[in-house]
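Student: My structure is in start.txt, and what it holds is compact mmCIF, C-alpha atoms:
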```
# COMPACT_ATOMS: atom_id res chain seq x y z
CA MET A 1 -103.50 216.74 169.37
CA ARG A 2 -105.53 213.53 169.07
CA VAL A 3 -107.05 212.59 165.73
CA LEU A 4 -109.66 209.91 165.08
CA LEU A 5 -109.41 208.45 161.59
CA VAL A 6 -112.34 206.31 160.42
CA GLU A 7 -111.35 204.75 157.08
CA ASP A 8 -111.75 201.18 155.79
CA ASP A 9 -109.25 201.49 152.93
CA LYS A 10 -106.16 200.07 154.65
CA GLN A 11 -103.68 201.52 152.16
CA LEU A 12 -105.17 205.00 152.34
CA ALA A 13 -105.49 204.81 156.11
CA SER A 14 -101.84 203.79 156.44
CA TYR A 15 -100.84 206.74 154.26
CA ILE A 16 -102.87 209.20 156.36
CA VAL A 17 -101.77 207.77 159.71
CA LYS A 18 -98.11 207.86 158.71
CA GLY A 19 -98.37 211.47 157.50
CA LEU A 20 -100.22 212.69 160.59
CA LYS A 21 -97.81 210.99 162.97
CA GLN A 22 -94.87 212.49 161.12
CA ALA A 23 -96.57 215.86 161.61
CA GLY A 24 -96.72 215.14 165.34
CA TYR A 25 -100.36 214.13 165.82
CA LEU A 26 -101.56 211.20 167.91
CA VAL A 27 -103.82 209.06 165.71
CA GLU A 28 -106.41 206.42 166.53
CA HIS A 29 -107.60 204.44 163.49
CA ALA A 30 -111.00 202.75 163.25
CA ILE A 31 -111.58 200.34 160.38
CA ASP A 32 -115.40 200.60 160.25
CA GLY A 33 -118.28 202.81 161.28
CA GLU A 34 -119.24 200.90 164.44
CA GLN A 35 -115.72 201.01 165.81
CA GLY A 36 -115.41 204.66 164.86
CA LEU A 37 -118.64 205.60 166.64
CA GLU A 38 -117.67 203.69 169.77
CA LEU A 39 -114.33 205.50 169.95
CA ALA A 40 -115.91 208.88 169.25
CA LEU A 41 -118.43 208.43 172.07
CA VAL A 42 -116.07 207.21 174.80
CA GLU A 43 -112.76 209.00 174.10
CA HIS A 44 -111.77 212.61 173.54
CA PHE A 45 -110.45 213.63 170.13
CA ASP A 46 -109.54 217.10 168.90
CA VAL A 47 -110.68 216.29 165.36
CA ALA A 48 -112.07 213.34 163.39
CA ILE A 49 -111.45 212.39 159.76
CA MET A 50 -114.41 210.39 158.48
CA ASP A 51 -114.88 208.33 155.34
CA LEU A 52 -118.51 207.99 154.22
CA MET A 53 -118.61 204.55 152.61
CA LEU A 54 -117.84 202.36 155.64
CA PRO A 55 -118.70 198.79 156.65
CA HIS A 56 -121.35 198.19 159.34
CA ARG A 57 -122.30 201.87 159.69
CA ASP A 58 -121.82 204.63 157.12
CA GLY A 59 -119.98 207.82 157.93
CA LEU A 60 -123.04 210.09 157.88
CA SER A 61 -124.73 207.86 160.44
CA VAL A 62 -121.64 208.01 162.65
CA ILE A 63 -121.59 211.80 162.50
CA GLN A 64 -125.33 212.05 163.21
CA HIS A 65 -125.02 209.80 166.27
CA MET A 66 -122.06 211.84 167.50
CA ARG A 67 -124.07 215.05 167.30
CA GLU A 68 -127.15 213.44 168.88
CA ASN A 69 -124.94 212.43 171.81
CA GLN A 70 -123.50 215.96 172.18
CA VAL A 71 -120.08 214.98 170.84
CA ASP A 72 -118.90 218.20 169.18
CA THR A 73 -115.57 216.90 167.84
CA PRO A 74 -114.93 218.69 164.51
CA VAL A 75 -115.23 216.28 161.57
CA ILE A 76 -113.55 216.37 158.18
CA ILE A 77 -115.45 214.18 155.73
CA LEU A 78 -113.48 212.21 153.11
CA SER A 79 -115.47 210.94 150.15
CA ALA A 80 -115.23 210.04 146.50
CA LYS A 81 -118.69 211.61 146.09
CA ARG A 82 -118.06 214.97 144.48
CA GLN A 83 -121.54 216.31 143.69
CA VAL A 84 -122.58 219.54 145.37
CA SER A 85 -125.60 217.74 146.84
CA ASP A 86 -123.29 215.18 148.48
CA ARG A 87 -121.18 217.91 150.07
CA VAL A 88 -124.28 219.74 151.28
CA GLN A 89 -125.69 216.56 152.81
CA GLY A 90 -122.42 215.85 154.60
CA LEU A 91 -122.28 219.32 156.11
CA GLN A 92 -125.96 219.32 157.04
CA CYS A 93 -125.51 215.99 158.88
CA GLY A 94 -122.92 217.57 161.17
CA GLY A 95 -119.68 217.50 159.21
CA ASP A 96 -117.47 220.58 159.46
CA ASP A 97 -115.47 220.20 156.25
CA TYR A 98 -115.63 218.04 153.14
CA LEU A 99 -112.63 216.81 151.13
CA VAL A 100 -113.08 214.90 147.87
CA LYS A 101 -110.94 211.86 147.08
CA PRO A 102 -108.33 211.71 145.69
CA PHE A 103 -106.68 214.49 147.65
CA SER A 104 -103.21 215.66 148.57
CA PHE A 105 -102.04 215.05 152.11
CA GLU A 106 -100.85 218.66 152.29
CA GLU A 107 -104.41 219.87 151.72
CA LEU A 108 -105.81 217.46 154.31
CA LEU A 109 -103.25 218.67 156.85
CA ALA A 110 -103.98 222.32 156.07
CA ARG A 111 -107.73 221.79 156.46
CA LEU A 112 -107.19 219.89 159.71
CA GLN A 113 -105.07 222.70 161.12
CA ALA A 114 -107.60 225.33 160.03
CA LEU A 115 -110.43 223.36 161.62
CA LEU A 116 -108.50 223.07 164.87
CA ARG A 117 -107.91 226.81 164.90
CA ARG A 118 -111.59 227.56 164.34
CA ALA A 119 -112.71 225.06 166.96
CA SER A 120 -110.11 225.89 169.60
CA HIS A 121 -112.52 228.08 171.55
CA VAL A 122 -114.88 225.17 172.19
CA THR A 123 -112.47 222.28 172.54
CA GLU A 124 -109.80 221.54 175.10
CA PRO A 125 -107.02 224.10 175.67
CA THR A 126 -104.54 224.45 172.83
CA SER A 127 -101.58 224.21 175.19
CA LEU A 128 -100.41 221.74 177.82
CA GLU A 129 -98.40 222.68 180.92
CA TYR A 130 -96.70 220.83 183.73
CA ALA A 131 -94.39 222.53 186.21
CA ASP A 132 -92.41 225.00 184.06
CA LEU A 133 -92.80 222.95 180.88
CA LYS A 134 -95.27 224.17 178.25
CA ILE A 135 -96.17 223.11 174.73
CA ASP A 136 -98.43 224.99 172.33
CA LEU A 137 -100.37 222.38 170.36
CA LEU A 138 -101.18 224.68 167.45
CA SER A 139 -97.90 226.50 166.89
CA ARG A 140 -95.99 223.42 168.13
CA GLN A 141 -93.69 225.59 170.21
CA VAL A 142 -92.17 224.06 173.35
CA SER A 143 -90.56 225.87 176.25
CA ARG A 144 -89.28 225.20 179.72
CA GLY A 145 -89.15 228.30 181.84
CA ASN A 146 -87.79 230.99 179.53
CA VAL A 147 -85.92 228.50 177.36
CA SER A 148 -87.34 227.58 173.94
CA LEU A 149 -86.88 223.91 173.01
CA GLU A 150 -86.55 222.67 169.44
CA LEU A 151 -88.15 219.24 169.11
CA LEU A 152 -88.36 216.84 166.19
CA PRO A 153 -91.89 215.59 165.27
CA LYS A 154 -91.59 212.26 167.14
CA GLU A 155 -90.10 214.00 170.17
CA PHE A 156 -93.02 216.44 170.18
CA ALA A 157 -95.60 213.65 169.88
CA LEU A 158 -93.97 211.64 172.66
CA LEU A 159 -93.75 214.65 174.97
CA GLU A 160 -97.38 215.54 174.26
CA TYR A 161 -98.45 212.03 175.25
CA LEU A 162 -96.41 212.17 178.46
CA LEU A 163 -97.88 215.58 179.29
CA ARG A 164 -101.42 214.36 178.73
CA HIS A 165 -100.67 211.57 181.20
CA ALA A 166 -98.46 213.50 183.62
CA GLU A 167 -97.58 211.65 186.85
CA ARG A 168 -98.87 208.39 185.39
CA VAL A 169 -96.52 205.55 184.51
CA ILE A 170 -96.65 204.93 180.76
CA SER A 171 -95.45 201.60 179.42
CA LYS A 172 -93.25 201.22 176.36
CA THR A 173 -96.10 199.42 174.59
CA MET A 174 -98.50 202.31 175.24
CA LEU A 175 -96.04 204.78 173.74
CA LEU A 176 -95.36 202.58 170.73
CA GLU A 177 -99.06 202.22 170.00
CA ALA A 178 -99.85 205.91 170.52
CA VAL A 179 -96.89 207.48 168.72
CA TRP A 180 -95.59 204.85 166.28
CA GLY A 181 -98.62 202.63 165.64
CA TYR A 182 -99.88 199.21 166.64
CA ASP A 183 -97.88 197.36 163.99
CA PHE A 184 -94.53 198.74 165.12
CA ASP A 185 -91.99 196.21 166.42
CA TYR A 186 -92.35 196.26 170.20
CA LYS A 187 -88.79 194.90 170.58
CA THR A 188 -87.23 197.99 169.02
CA ASN A 189 -85.20 200.41 171.11
CA VAL A 190 -86.50 203.45 169.23
CA ILE A 191 -88.37 204.73 172.30
CA ASP A 192 -85.23 204.57 174.42
CA VAL A 193 -83.40 206.57 171.75
CA VAL A 194 -86.11 209.26 171.48
CA ILE A 195 -86.55 209.43 175.27
CA HIS A 196 -82.79 209.94 175.61
CA ARG A 197 -82.86 212.81 173.10
CA LEU A 198 -85.98 214.31 174.67
CA ARG A 199 -84.54 214.15 178.18
CA LYS A 200 -81.41 215.98 177.03
CA LYS A 201 -83.56 218.77 175.59
CA VAL A 202 -86.13 218.99 178.41
CA ASP A 203 -84.02 218.29 181.52
CA HIS A 204 -80.44 219.25 180.65
CA GLY A 205 -79.36 222.33 182.60
CA PHE A 206 -82.36 222.23 184.96
CA ASP A 207 -82.09 221.24 188.63
CA ILE A 208 -85.54 219.64 188.61
CA LYS A 209 -85.79 216.63 186.29
CA LEU A 210 -89.16 215.84 184.68
CA ILE A 211 -88.70 212.77 182.46
CA HIS A 212 -87.94 209.55 184.32
CA THR A 213 -87.37 205.96 183.24
CA LEU A 214 -88.65 203.19 185.49
CA LYS A 215 -86.50 200.25 184.47
CA GLY A 216 -88.59 197.35 183.21
CA ILE A 217 -91.83 199.29 183.72
CA GLY A 218 -91.98 202.40 181.55
CA TYR A 219 -91.69 206.18 181.76
CA VAL A 220 -93.25 208.96 183.78
CA LEU A 221 -93.36 212.75 183.59
CA LYS A 222 -93.23 214.14 187.11
CA VAL A 223 -91.34 216.54 189.34
CA ASP A 224 -88.53 214.76 191.12
```
So, in terms of structure tokens, how does the structure I just supplied come out?

Tutor:
Amino acid sequence: MRVLLVEDDKQLASYIVKGLKQAGYLVEHAIDGEQGLELALVEHFDVAIMDLMLPHRDGLSVIQHMRENQVDTPVIILSAKRQVSDRVQGLQCGGDDYLVKPFSFEELLARLQALLRRASHVTEPTSLEYADLKIDLLSRQVSRGNVSLELLPKEFALLEYLLRHAERVISKTMLLEAVWGYDFDYKTNVIDVVIHRLRKKVDHGFDIKLIHTLKGIGYVLKVD
């Protein structure tokens, strides 16, 4: 699942991004309202988390422009404004949920999951499939044929990204940015380690191999 986070507080944003990625979500972070709106209009996200007090363009304006442009991505509003009138205004402008700062990450995650469940009938499918490999994005269950696969959060996130880009060569940098974050050390071998574990779980015991390494180029999910 892809999440758009629009939050200018770098410390809070880092906390949210880290938590969501550990939970297996793919997160794109925008630091201001203009950047957030641009991403919301040109890319697909399953849910957006929107601060209201943002530089360049406030959160309510971003949400309004999204709705005016027929972008129906569910939005969770984050705000220090706790008056009933503030919550009503946020929902009337097109927000789908409203969470007052400070908040617990567990509550944010629970609200996000509930919103995804409610919106699943109007957003993209809640499962991804390629060949005999299938992942359920809500229950986070993974299977190949009749075999259930137990994946760790990073393995799940990496496999989801490969599935979303099946038969396309994905560079190491692309995976690092999507799954670990832009500030992660690109020289690390963490991707090789996770790919190795993932390949053992997805391909071991199957005649047809799906996860392939193209030395010096990247990785690809395809039938070989």

Student: Neighbours of region 9-15 of chain A within 9 Å (all atoms listed in the file; same-chain residues fewer than 5 positions away dropped), as a PyMOL selection string?

Tutor: chain A and resi 20+29+31+105

Student: Between CA of Ser85 (chain A) and CA of Val17 (chain A), measure the distance and give it in Å to one decimal.

Tutor: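 Going from CA of Ser85 (chain A) over to CA of Val17 (chain A) covers 28.9 Å.
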
Student: Between A:Leu5, A:Pro102, A:Tyr25, A:Leu138, which is the closest to Pro74 (chain A) once you count all atoms listed in the file?

Tutor: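 Counting all atoms listed in the file, the residue closest to Pro74 (chain A) is A:Leu5.
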
Student: What separation in Å, quoted to one decimal, exists between CA of Asp192 (chain A) and CA of Ala166 (chain A)?

Tutor: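 Result for CA of Asp192 (chain A) versus CA of Ala166 (chain A): 18.4 Å, one decimal.
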
Student: Pick out the closest residue to Lys18 (chain A) from this set: A:Arg118, A:Lys154, A:Lys201, A:Arg87. Count all atoms listed in the file.

Tutor: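 Using all atoms listed in the file, the shortest distance to Lys18 (chain A) belongs to A:Lys154.
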
Student: So the first atom is CA of Leu112 (chain A) and the second is CA of Leu151 (chain A); what is the distance between them in Å, to one decimal place?

Tutor: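 Separation of CA of Leu112 (chain A) and CA of Leu151 (chain A): 21.2 Å.
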
Student: Within 10 Å of (-85.9, 214.2, 176.9), in the coordinates the file gives, what residues turn up when you count all atoms listed in the file, written out as a PyMOL selection string?

Tutor: chain A and resi 151+155+158-159+192-204+209-212

Student: Residues around (-92.0, 216.9, 160.0), cut-off 6 Å, counting all atoms listed in the file - what are they as number ranges by chain?

Tutor: A: 22-23, 153

Student: Any chance you could model all heavy atoms for region 211-222 of chain A and send them as a compact mmCIF listing (two decimals), keeping the file's coordinate frame?

Tutor:
```txt
# COMPACT_ATOMS: atom_id res chain seq x y z
N ILE A 211 -88.50 214.03 183.18
CA ILE A 211 -88.70 212.77 182.46
C ILE A 211 -87.89 211.67 183.13
O ILE A 211 -86.67 211.75 183.26
CB ILE A 211 -88.30 212.90 180.99
CG1 ILE A 211 -89.13 213.98 180.30
CG2 ILE A 211 -88.46 211.56 180.26
CD1 ILE A 211 -88.73 214.26 178.87
N HIS A 212 -88.59 210.62 183.56
CA HIS A 212 -87.94 209.55 184.32
C HIS A 212 -88.24 208.19 183.68
O HIS A 212 -89.36 207.94 183.21
CB HIS A 212 -88.43 209.56 185.77
CG HIS A 212 -88.31 210.89 186.43
ND1 HIS A 212 -87.14 211.33 187.01
CD2 HIS A 212 -89.20 211.90 186.57
CE1 HIS A 212 -87.31 212.55 187.49
NE2 HIS A 212 -88.56 212.92 187.24
N THR A 213 -87.23 207.34 183.72
CA THR A 213 -87.37 205.96 183.24
C THR A 213 -87.47 205.04 184.44
O THR A 213 -86.64 205.10 185.35
CB THR A 213 -86.15 205.55 182.39
OG1 THR A 213 -86.06 206.41 181.25
CG2 THR A 213 -86.29 204.11 181.91
N LEU A 214 -88.49 204.21 184.46
CA LEU A 214 -88.65 203.19 185.49
C LEU A 214 -88.26 201.87 184.85
O LEU A 214 -89.02 201.31 184.04
CB LEU A 214 -90.09 203.16 186.00
CG LEU A 214 -90.63 204.49 186.53
CD1 LEU A 214 -92.07 204.34 186.99
CD2 LEU A 214 -89.76 205.02 187.66
N LYS A 215 -87.07 201.40 185.15
CA LYS A 215 -86.50 200.25 184.47
C LYS A 215 -87.44 199.04 184.51
O LYS A 215 -87.91 198.63 185.56
CB LYS A 215 -85.15 199.88 185.10
CG LYS A 215 -84.36 198.88 184.27
CD LYS A 215 -82.97 198.69 184.82
CE LYS A 215 -82.17 197.73 183.95
NZ LYS A 215 -80.78 197.55 184.45
N GLY A 216 -87.73 198.52 183.31
CA GLY A 216 -88.59 197.35 183.21
C GLY A 216 -90.07 197.66 183.32
O GLY A 216 -90.90 196.75 183.21
N ILE A 217 -90.42 198.92 183.54
CA ILE A 217 -91.83 199.29 183.72
C ILE A 217 -92.29 200.28 182.65
O ILE A 217 -93.25 200.06 181.95
CB ILE A 217 -92.06 199.88 185.13
CG1 ILE A 217 -91.67 198.87 186.21
CG2 ILE A 217 -93.53 200.30 185.29
CD1 ILE A 217 -91.76 199.43 187.61
N GLY A 218 -91.57 201.40 182.54
CA GLY A 218 -91.98 202.40 181.55
C GLY A 218 -91.39 203.76 181.86
O GLY A 218 -90.26 203.87 182.36
N TYR A 219 -92.17 204.80 181.63
CA TYR A 219 -91.69 206.18 181.76
C TYR A 219 -92.77 207.00 182.47
O TYR A 219 -93.95 206.68 182.42
CB TYR A 219 -91.40 206.78 180.38
CG TYR A 219 -90.54 205.89 179.52
CD1 TYR A 219 -91.13 204.96 178.66
CD2 TYR A 219 -89.15 205.95 179.58
CE1 TYR A 219 -90.35 204.13 177.87
CE2 TYR A 219 -88.37 205.12 178.81
CZ TYR A 219 -88.97 204.21 177.95
OH TYR A 219 -88.20 203.38 177.18
N VAL A 220 -92.31 208.09 183.10
CA VAL A 220 -93.25 208.96 183.78
C VAL A 220 -92.74 210.40 183.72
O VAL A 220 -91.54 210.64 183.82
CB VAL A 220 -93.48 208.52 185.25
CG1 VAL A 220 -92.18 208.58 186.04
CG2 VAL A 220 -94.57 209.34 185.89
N LEU A 221 -93.67 211.32 183.53
CA LEU A 221 -93.36 212.75 183.59
C LEU A 221 -93.83 213.25 184.94
O LEU A 221 -95.03 213.26 185.22
CB LEU A 221 -94.07 213.49 182.45
CG LEU A 221 -93.79 215.00 182.38
CD1 LEU A 221 -92.42 215.24 181.75
CD2 LEU A 221 -94.86 215.71 181.55
N LYS A 222 -92.87 213.64 185.78
CA LYS A 222 -93.23 214.14 187.11
C LYS A 222 -92.08 214.97 187.65
O LYS A 222 -90.95 214.89 187.18
CB LYS A 222 -93.53 212.98 188.06
CG LYS A 222 -92.34 212.12 188.39
CD LYS A 222 -92.69 211.06 189.42
CE LYS A 222 -91.45 210.24 189.79
NZ LYS A 222 -91.75 209.23 190.84
```
